[in-house]
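Let me begin by presenting the structure, written as structure tokens, before commenting on it.
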Amino acid sequence: MVPLSAGLDVAAHEMTHGVITNTANLVYRNQPGALNEAYADIFGAIIDDENWEIGEDIMGPGAIADGRTALRSLSDPSKFPVNEAYIPYGNGDGLYPSHMDEYYDLPLHLDNGGVHINSSIINHAAYLTAQEIGRDALGQIYYRALVHYLTPYSDFQEARQVLIQSAIDLYGEGSEEALATASGFDQVGIYE
């Protein structure tokens with residue numbers, strides 16, 4: 001990789017971790033940690049709105065030659081492989097998951113229980129939601145949930161509930177935004 005500061009999305013990702021610490025303070029392990037990483041990726045992708053990739057501007061020539069053109073993809077998580085040590089804990093595909101059927105049940109000593117790997121499920125839900133309502137509304141909904149509803153131990157199912165509630169708070173019951181938020185989570189297998 002080249003210096004991390006070369007990527008606007010990566011810089012925004014890292015700054016978002018500071019916002020997370022001072023709001024929901026999501027614990028950095030298992031599903032709360034994956035939400036933490038997903039939030040950082042989502043806001044990085046909102047700020048650097050050229051695409052739905054994270055880290056495409058920091059990849060070195062060797063990584064690019066090996067087919068690693070970004071760190072993660074919100075639009076197509078399975079575009080990239082996971083570390084070989086993680087494969088036995090997933091569904092065997094060895095790729096970043098985009099659905100709960102592909103969730104990696106990692107022990108804490110590997111990626112803090114899957115904080116980077118499993119963040120791609122939430123990332124993909126956010127991407128699917130944004131395809132219906134746009135980045136601006138997505139950002140408003142996710143920020144409201146972070147500030148008002150999420151707690152240090154929130155899991156994926158609770159995130160679904162509070163993100164839908166945030167969409168209702170901002171746009172109304174039955175709004176396009178609330179329905180799109182629910183649909184994004186449905187499509188990645190996170191239900192009520």
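Chain labels follow the order of the structure tokens: the first chain is A, the next B, and so on; residue numbering restarts at 1 in every chain, and ligands are counted from 1 in their shown order.
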
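Backbone DSSP over stretch 59-98 of chain A yields alpha helix (DSSP H) at Pro61, Gly62, Ala63, Ile64 and Ala65 of chain A.
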
What would the file look like if the residues just selected were written as a compact mmCIF listing (two decimals), in the first residue's frame with all heavy atoms?
```txt
# COMPACT_ATOMS: atom_id res chain seq x y z
N PRO A 61 1.24 -1.00 -6.41
CA PRO A 61 1.28 -1.73 -7.69
C PRO A 61 1.24 -3.24 -7.53
O PRO A 61 0.59 -3.92 -8.32
CB PRO A 61 2.61 -1.27 -8.30
CG PRO A 61 2.93 0.02 -7.64
CD PRO A 61 2.35 -0.05 -6.27
N GLY A 62 1.91 -3.78 -6.50
CA GLY A 62 1.90 -5.23 -6.30
C GLY A 62 0.52 -5.76 -5.98
O GLY A 62 0.10 -6.81 -6.50
N ALA A 63 -0.20 -5.05 -5.12
CA ALA A 63 -1.56 -5.46 -4.77
C ALA A 63 -2.47 -5.41 -6.00
O ALA A 63 -3.25 -6.33 -6.24
CB ALA A 63 -2.11 -4.58 -3.66
N ILE A 64 -2.34 -4.34 -6.75
CA ILE A 64 -3.17 -4.19 -7.96
C ILE A 64 -2.85 -5.30 -8.96
O ILE A 64 -3.76 -5.89 -9.56
CB ILE A 64 -2.98 -2.78 -8.58
CG1 ILE A 64 -3.57 -1.72 -7.62
CG2 ILE A 64 -3.63 -2.70 -9.95
CD1 ILE A 64 -3.23 -0.30 -7.98
N ALA A 65 -1.57 -5.62 -9.11
CA ALA A 65 -1.18 -6.70 -10.03
C ALA A 65 -1.75 -8.04 -9.59
O ALA A 65 -2.07 -8.89 -10.42
CB ALA A 65 0.34 -6.79 -10.11
```

Taking 6 positions as the minimum chain separation for residues in the same chain, which residues sit within 10 Å of A:Glu53 when counting only C-alpha atoms? Answer as a PDB file with C-alpha atoms, in the first residue's frame.
```
ATOM      1  CA  ASP A   9     -12.256   7.397   1.946  1.00  0.00           C
ATOM      2  CA  ASP A  41     -16.553   2.256   5.690  1.00  0.00           C
ATOM      3  CA  ILE A  42     -20.037   3.630   5.021  1.00  0.00           C
ATOM      4  CA  GLY A  44     -15.858   6.844   4.023  1.00  0.00           C
ATOM      5  CA  ALA A  45     -17.894   5.878   0.950  1.00  0.00           C
ATOM      6  CA  THR A  69      -7.768  -3.012  -6.300  1.00  0.00           C
ATOM      7  CA  ALA A  70      -9.278  -1.868  -2.976  1.00  0.00           C
ATOM      8  CA  LEU A  71      -9.495  -2.914   0.659  1.00  0.00           C
ATOM      9  CA  ARG A  72     -13.229  -3.629   0.606  1.00  0.00           C
ATOM     10  CA  SER A  73     -16.233  -3.186  -1.671  1.00  0.00           C
ATOM     11  CA  LEU A  74     -19.656  -2.168  -0.400  1.00  0.00           C
ATOM     12  CA  SER A  75     -21.316  -2.925  -3.723  1.00  0.00           C
ATOM     13  CA  ASP A  76     -19.668  -6.330  -4.258  1.00  0.00           C
ATOM     14  CA  PRO A  77     -18.087  -7.616  -1.025  1.00  0.00           C
TER      15      PRO A  77
END
```

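Within stretch 32-117 of chain A, DSSP applied to the backbone places the following residues in strand (DSSP E): Glu53, Ile54, Arg72 and Ser73 of chain A.
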
Wanna dump the stretch 17-107 of chain A-stretch 111-130 of chain A contacts at 8 Å for me, each residue with its shortest atom pair and the distance in Å to one decimal, counting only C-alpha atoms, ordered by chain and number, as a tab-separated table?
```
residue	atom	partner	partner_atom	distance
A:Tyr28	CA	A:Asn112	CA	7.1
A:Arg29	CA	A:Asn112	CA	4.8
A:Asn30	CA	A:Gly113	CA	4.5
A:Gln31	CA	A:Val115	CA	6.8
A:Pro32	CA	A:Val115	CA	7.9
A:Gly33	CA	A:Val115	CA	4.9
A:Ala34	CA	A:Val115	CA	3.8
A:Leu35	CA	A:Ser119	CA	6.0
A:Asn36	CA	A:Val115	CA	7.7
A:Glu37	CA	A:Ser119	CA	5.8
A:Ala38	CA	A:Ser119	CA	4.7
A:Tyr39	CA	A:Asn123	CA	7.8
A:Asp41	CA	A:Asn123	CA	7.1
A:Ile42	CA	A:Asn123	CA	6.3
A:Trp52	CA	A:Tyr127	CA	7.6
A:Arg72	CA	A:Ser120	CA	7.6
A:Ser73	CA	A:Ser120	CA	7.6
A:Leu74	CA	A:His124	CA	5.0
A:Ser75	CA	A:Tyr127	CA	5.9
A:Asp76	CA	A:His124	CA	7.4
A:Pro77	CA	A:Ser120	CA	6.0
A:Val82	CA	A:Ile117	CA	7.2
A:Tyr96	CA	A:Ile117	CA	5.9
A:Pro97	CA	A:Ile121	CA	5.9
A:Ser98	CA	A:Ile121	CA	4.6
A:His99	CA	A:Ile121	CA	5.6
A:Met100	CA	A:Ile121	CA	6.9
A:Tyr103	CA	A:Asn118	CA	6.2
A:Tyr104	CA	A:Asn118	CA	6.5
A:Asp105	CA	A:Gly113	CA	7.0
A:Leu106	CA	A:Gly113	CA	4.7
A:Pro107	CA	A:Gly113	CA	4.9
```
